[in-house]
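Structure file query.pdb (PDB, C-alpha atoms) is printed below.
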```
MODEL        1
ATOM      1  CA  MET A   1       0.000   0.000   0.000
ATOM      2  CA  SER A   2       1.445   3.364  -0.926
ATOM      3  CA  GLU A   3       1.818   6.240   1.508
ATOM      4  CA  THR A   4      -0.885   8.209  -0.286
ATOM      5  CA  THR A   5      -3.523   5.447  -0.049
ATOM      6  CA  ARG A   6      -2.897   4.619   3.607
ATOM      7  CA  THR A   7      -5.618   5.782   5.974
ATOM      8  CA  ARG A   8      -4.556   7.573   9.117
ATOM      9  CA  MET A   9      -5.244   5.854  12.391
ATOM     10  CA  THR A  10      -6.371   7.693  15.471
ATOM     11  CA  ALA A  11      -4.085   7.566  18.497
ATOM     12  CA  ALA A  12      -6.492   5.104  20.159
ATOM     13  CA  GLU A  13      -6.478   2.841  17.090
ATOM     14  CA  ARG A  14      -2.680   2.936  16.881
ATOM     15  CA  SER A  15      -2.388   2.204  20.605
ATOM     16  CA  ALA A  16      -4.758  -0.773  20.208
ATOM     17  CA  GLN A  17      -2.675  -1.980  17.243
ATOM     18  CA  VAL A  18       0.530  -1.810  19.306
ATOM     19  CA  LEU A  19      -1.186  -3.557  22.222
ATOM     20  CA  ALA A  20      -2.399  -6.377  19.954
ATOM     21  CA  ALA A  21       1.104  -6.775  18.549
ATOM     22  CA  ALA A  22       2.500  -6.844  22.087
ATOM     23  CA  VAL A  23       0.021  -9.542  23.148
ATOM     24  CA  GLY A  24       1.273 -11.737  20.309
ATOM     25  CA  ALA A  25       4.938 -11.023  20.987
ATOM     26  CA  PHE A  26       4.721 -11.583  24.759
ATOM     27  CA  ALA A  27       2.607 -14.734  24.294
ATOM     28  CA  GLU A  28       5.272 -16.110  21.987
ATOM     29  CA  SER A  29       8.458 -15.084  23.824
ATOM     30  CA  GLY A  30       7.524 -14.038  27.352
ATOM     31  CA  TYR A  31       8.417 -10.888  29.214
ATOM     32  CA  ALA A  32      12.192 -11.307  29.488
ATOM     33  CA  ALA A  33      12.841 -12.345  25.893
ATOM     34  CA  THR A  34      10.492  -9.945  24.111
ATOM     35  CA  LYS A  35      12.083  -6.745  22.851
ATOM     36  CA  THR A  36      10.133  -3.560  22.214
ATOM     37  CA  ASP A  37      11.755  -3.569  18.759
ATOM     38  CA  GLU A  38       9.839  -6.782  17.992
ATOM     39  CA  VAL A  39       6.567  -5.270  19.187
ATOM     40  CA  ALA A  40       7.200  -2.197  17.023
ATOM     41  CA  ARG A  41       8.002  -4.356  13.984
ATOM     42  CA  ARG A  42       4.796  -6.362  14.421
ATOM     43  CA  ALA A  43       2.749  -3.182  14.848
ATOM     44  CA  GLY A  44       4.394  -1.399  11.932
ATOM     45  CA  VAL A  45       5.593   1.506  14.059
ATOM     46  CA  SER A  46       8.936   2.689  15.389
ATOM     47  CA  GLN A  47      10.377   1.432  18.662
ATOM     48  CA  PRO A  48      10.490   4.981  20.111
ATOM     49  CA  TYR A  49       6.769   5.259  19.343
ATOM     50  CA  VAL A  50       6.073   2.115  21.405
ATOM     51  CA  ILE A  51       8.011   3.628  24.322
ATOM     52  CA  ARG A  52       6.250   6.964  23.886
ATOM     53  CA  LEU A  53       2.875   5.188  24.117
ATOM     54  CA  PHE A  54       3.644   2.950  27.092
ATOM     55  CA  GLY A  55       6.716   4.435  28.790
ATOM     56  CA  SER A  56       8.684   1.211  29.164
ATOM     57  CA  LYS A  57       8.642  -2.465  28.317
ATOM     58  CA  GLN A  58       7.445  -3.165  31.867
ATOM     59  CA  HIS A  59       4.483  -0.790  31.480
ATOM     60  CA  LEU A  60       3.680  -2.317  28.088
ATOM     61  CA  PHE A  61       3.673  -5.805  29.618
ATOM     62  CA  VAL A  62       1.407  -4.615  32.438
ATOM     63  CA  ALA A  63      -0.980  -3.162  29.822
ATOM     64  CA  VAL A  64      -0.912  -6.518  28.005
ATOM     65  CA  LEU A  65      -1.666  -8.346  31.271
ATOM     66  CA  GLN A  66      -4.557  -5.988  32.006
ATOM     67  CA  HIS A  67      -5.930  -6.529  28.502
ATOM     68  CA  VAL A  68      -5.617 -10.313  28.694
ATOM     69  CA  CYS A  69      -7.046 -10.580  32.218
ATOM     70  CA  ALA A  70      -9.980  -8.351  31.256
ATOM     71  CA  ARG A  71     -10.684 -10.743  28.375
ATOM     72  CA  ILE A  72     -10.485 -13.738  30.736
ATOM     73  CA  GLU A  73     -12.958 -12.033  33.077
ATOM     74  CA  ASP A  74     -15.249 -11.309  30.100
ATOM     75  CA  VAL A  75     -15.137 -14.988  29.115
ATOM     76  CA  PHE A  76     -16.266 -16.031  32.594
ATOM     77  CA  ARG A  77     -18.865 -13.246  32.831
ATOM     78  CA  SER A  78     -20.430 -14.400  29.557
ATOM     79  CA  ALA A  79     -21.035 -17.948  30.835
ATOM     80  CA  GLU A  80     -24.718 -18.785  30.835
ATOM     81  CA  ILE A  81     -25.610 -19.874  34.357
ATOM     82  CA  ALA A  82     -29.233 -20.727  35.077
ATOM     83  CA  PRO A  83     -30.709 -18.566  37.851
ATOM     84  CA  ASP A  84     -31.734 -21.663  39.832
ATOM     85  CA  ALA A  85     -28.414 -23.520  39.315
ATOM     86  CA  ASP A  86     -26.749 -24.982  42.371
ATOM     87  CA  THR A  87     -23.017 -24.413  42.877
ATOM     88  CA  ALA A  88     -21.971 -27.590  41.047
ATOM     89  CA  GLU A  89     -24.141 -26.754  38.044
ATOM     90  CA  ALA A  90     -22.913 -23.157  38.054
ATOM     91  CA  LEU A  91     -19.269 -24.303  38.126
ATOM     92  CA  ARG A  92     -19.924 -26.703  35.220
ATOM     93  CA  SER A  93     -21.536 -23.859  33.246
ATOM     94  CA  LEU A  94     -18.597 -21.602  33.994
ATOM     95  CA  GLY A  95     -16.245 -24.431  32.999
ATOM     96  CA  THR A  96     -17.799 -24.658  29.544
ATOM     97  CA  ASN A  97     -16.500 -21.169  28.862
ATOM     98  CA  PHE A  98     -13.008 -22.337  29.734
ATOM     99  CA  ASP A  99     -12.862 -23.770  26.210
ATOM    100  CA  VAL A 100     -13.194 -20.199  24.892
ATOM    101  CA  PHE A 101     -10.270 -19.112  27.067
ATOM    102  CA  LEU A 102      -8.124 -22.026  25.874
ATOM    103  CA  SER A 103      -9.047 -21.520  22.213
ATOM    104  CA  GLU A 104      -7.708 -17.963  22.357
ATOM    105  CA  ARG A 105      -4.221 -19.394  22.742
ATOM    106  CA  GLN A 106      -2.530 -16.089  23.543
ATOM    107  CA  LEU A 107      -4.623 -15.673  26.718
ATOM    108  CA  PRO A 108      -3.260 -18.670  28.635
ATOM    109  CA  LEU A 109       0.264 -18.041  27.359
ATOM    110  CA  VAL A 110       0.343 -14.402  28.473
ATOM    111  CA  LEU A 111      -1.199 -15.365  31.815
ATOM    112  CA  LEU A 112       1.545 -17.945  32.385
ATOM    113  CA  HIS A 113       4.260 -15.489  31.316
ATOM    114  CA  GLY A 114       2.781 -12.997  33.773
ATOM    115  CA  VAL A 115       2.963 -15.551  36.577
ATOM    116  CA  ALA A 116       6.569 -16.311  35.605
ATOM    117  CA  ALA A 117       7.462 -12.602  35.679
ATOM    118  CA  SER A 118       5.773 -11.989  39.051
ATOM    119  CA  ALA A 119       9.096 -11.595  40.854
ATOM    120  CA  ASP A 120       9.134  -8.106  39.339
ATOM    121  CA  PRO A 121       7.139  -6.214  42.002
ATOM    122  CA  GLU A 122       5.053  -4.132  39.609
ATOM    123  CA  ILE A 123       4.201  -7.083  37.385
ATOM    124  CA  GLY A 124       3.585  -9.351  40.367
ATOM    125  CA  ASP A 125       1.208  -6.823  41.933
ATOM    126  CA  HIS A 126      -0.879  -6.781  38.758
ATOM    127  CA  VAL A 127      -0.863 -10.560  38.331
ATOM    128  CA  ARG A 128      -1.939 -11.088  41.942
ATOM    129  CA  GLU A 129      -4.658  -8.439  41.677
ATOM    130  CA  HIS A 130      -6.090  -9.910  38.485
ATOM    131  CA  PHE A 131      -5.869 -13.502  39.681
ATOM    132  CA  GLY A 132      -7.747 -12.415  42.806
ATOM    133  CA  ARG A 133     -10.395 -10.731  40.674
ATOM    134  CA  ILE A 134     -10.814 -13.901  38.612
ATOM    135  CA  TYR A 135     -11.132 -15.928  41.835
ATOM    136  CA  GLN A 136     -13.757 -13.504  43.183
ATOM    137  CA  LEU A 137     -15.643 -13.590  39.891
ATOM    138  CA  ILE A 138     -15.826 -17.401  40.133
ATOM    139  CA  VAL A 139     -17.141 -17.173  43.706
ATOM    140  CA  ASP A 140     -19.632 -14.438  42.837
ATOM    141  CA  ARG A 141     -20.990 -16.161  39.709
ATOM    142  CA  THR A 142     -21.277 -19.637  41.230
ATOM    143  CA  GLY A 143     -21.661 -19.254  44.986
ATOM    144  CA  ALA A 144     -18.687 -21.607  45.391
ATOM    145  CA  ASP A 145     -16.999 -21.867  48.754
ATOM    146  CA  ALA A 146     -13.213 -21.548  49.031
ATOM    147  CA  LEU A 147     -12.646 -25.299  48.486
ATOM    148  CA  HIS A 148     -14.715 -25.520  45.295
ATOM    149  CA  ALA A 149     -13.364 -22.233  43.917
ATOM    150  CA  ARG A 150      -9.805 -23.475  44.576
ATOM    151  CA  ARG A 151     -10.525 -26.777  42.805
ATOM    152  CA  PHE A 152     -11.979 -24.904  39.838
ATOM    153  CA  LEU A 153      -8.919 -22.644  39.653
ATOM    154  CA  ALA A 154      -6.517 -25.558  40.106
ATOM    155  CA  THR A 155      -8.178 -27.476  37.293
ATOM    156  CA  GLY A 156      -8.161 -24.341  35.164
ATOM    157  CA  MET A 157      -4.457 -23.794  35.754
ATOM    158  CA  LEU A 158      -3.759 -27.439  34.869
ATOM    159  CA  LEU A 159      -5.640 -26.933  31.600
ATOM    160  CA  THR A 160      -3.793 -23.642  31.044
ATOM    161  CA  ILE A 161      -0.422 -25.366  31.453
ATOM    162  CA  MET A 162      -1.483 -28.288  29.263
ATOM    163  CA  THR A 163      -2.638 -25.825  26.593
ATOM    164  CA  ALA A 164       0.720 -24.048  26.737
ATOM    165  CA  MET A 165       2.384 -27.444  26.223
ATOM    166  CA  GLN A 166       0.003 -28.040  23.286
ATOM    167  CA  VAL A 167      -1.461 -31.224  24.764
ATOM    168  CA  ALA A 168      -4.882 -29.630  25.416
ATOM    169  CA  GLY A 169      -6.943 -27.052  23.593
ATOM    170  CA  PRO A 170      -7.138 -26.508  19.859
ATOM    171  CA  ASP A 171      -4.721 -28.516  17.715
ATOM    172  CA  ALA A 172      -3.549 -30.518  20.732
ATOM    173  CA  ILE A 173      -0.855 -33.128  20.304
ATOM    174  CA  GLU A 174      -2.519 -36.174  21.768
ATOM    175  CA  LEU A 175      -0.367 -38.192  24.145
ATOM    176  CA  PRO A 176      -1.487 -41.114  26.331
ATOM    177  CA  TRP A 177      -0.892 -39.262  29.599
ATOM    178  CA  SER A 178      -2.614 -36.078  28.434
ATOM    179  CA  ARG A 179      -5.596 -38.028  27.096
ATOM    180  CA  ALA A 180      -5.885 -39.797  30.485
ATOM    181  CA  VAL A 181      -5.819 -36.480  32.347
ATOM    182  CA  LEU A 182      -8.348 -34.847  30.013
ATOM    183  CA  ASP A 183     -10.663 -37.881  30.097
ATOM    184  CA  GLU A 184     -10.590 -37.852  33.907
ATOM    185  CA  LEU A 185     -11.374 -34.141  33.954
ATOM    186  CA  GLN A 186     -14.296 -34.712  31.576
ATOM    187  CA  CYS A 187     -15.644 -37.472  33.832
ATOM    188  CA  ALA A 188     -15.340 -35.198  36.869
ATOM    189  CA  VAL A 189     -17.309 -32.471  35.061
ATOM    190  CA  GLU A 190     -20.059 -34.917  34.113
ATOM    191  CA  LEU A 191     -20.608 -36.075  37.730
TER     192      LEU A 191
ENDMDL
END
```
What is this structure when it is put down as structure tokens?
Amino acid sequence: MSETTRTRMTAAERSAQVLAAAVGAFAESGYAATKTDEVARRAGVSQPYVIRLFGSKQHLFVAVLQHVCARIEDVFRSAEIAPDADTAEALRSLGTNFDVFLSERQLPLVLLHGVAASADPEIGDHVREHFGRIYQLIVDRTGADALHARRFLATGMLLTIMTAMQVAGPDAIELPWSRAVLDELQCAVEL
């Protein structure tokens, strides 16, 4: 596309474009290995522009985490839970939306990279805050007590890790051990 036929983006559109590029880059390489040059290249902007928008790589990663965690919360908020559902039914309904989370492969990957980068105080504060919000959302939507909410989260994190390893989720590499784990999880959901 020539310079004369290119349409100008608003600052908000350009910022969203850079954020989307950063989600992809951080999902692929993690916080430590991703360079702002790579984000700029993917977004089609200069590296100084990325820094001007977000201030630093750390602030960009925090913005990516906020974006990804907001999407995860949206996925769980959109679960259809019957008004008269008991806690077990509500958790199963919420669990069906976990497939949406896993199918958007960048979500679990960025979440795991955020957990891995949590030793950085600013990143860790955001990861802990968002994980707590996800936990509270599960409790609020399902009425689950601490034990059942913990089990739901633990199962979700297992699926998140298995998706990152590409043995669960879309285009999974099927292995005997992963099939056994997934079959057992399916049986537990059906109880």
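Distance annotation: of A:Ala70, A:Ile81, A:Leu112, A:Ala146, the residue with the minimal separation from A:Thr160 is A:Leu112; atom set is all atoms listed in the file.
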Checklist entry - For the file shown, what are the residues hit by the PyMOL selection byres ((chain A and resi 36-42) around 12), laid out as a ChimeraX atom specification? => result /A:14-15,17-35,43-61,64
Next on the checklist: Evaluate the PyMOL selection byres ((chain A and resi 170-186) around 12) against this structure - the residues, as an MDAnalysis selection string, please.
Outcome noted: chainID A and resid 92 95:96 99:106 151:152 154:156 158:159 161:169 187:191
Checklist entry - What does the distance between atom CA of A:Thr87 and atom CA of A:Gln66 come to in Å, to one decimal place? => result 28.3 Å
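Nearest to A:Leu91 of all the residues A:Ala79, A:Ala16, A:Ile72, A:Val127 is A:Ala79, counting all atoms listed in the file.
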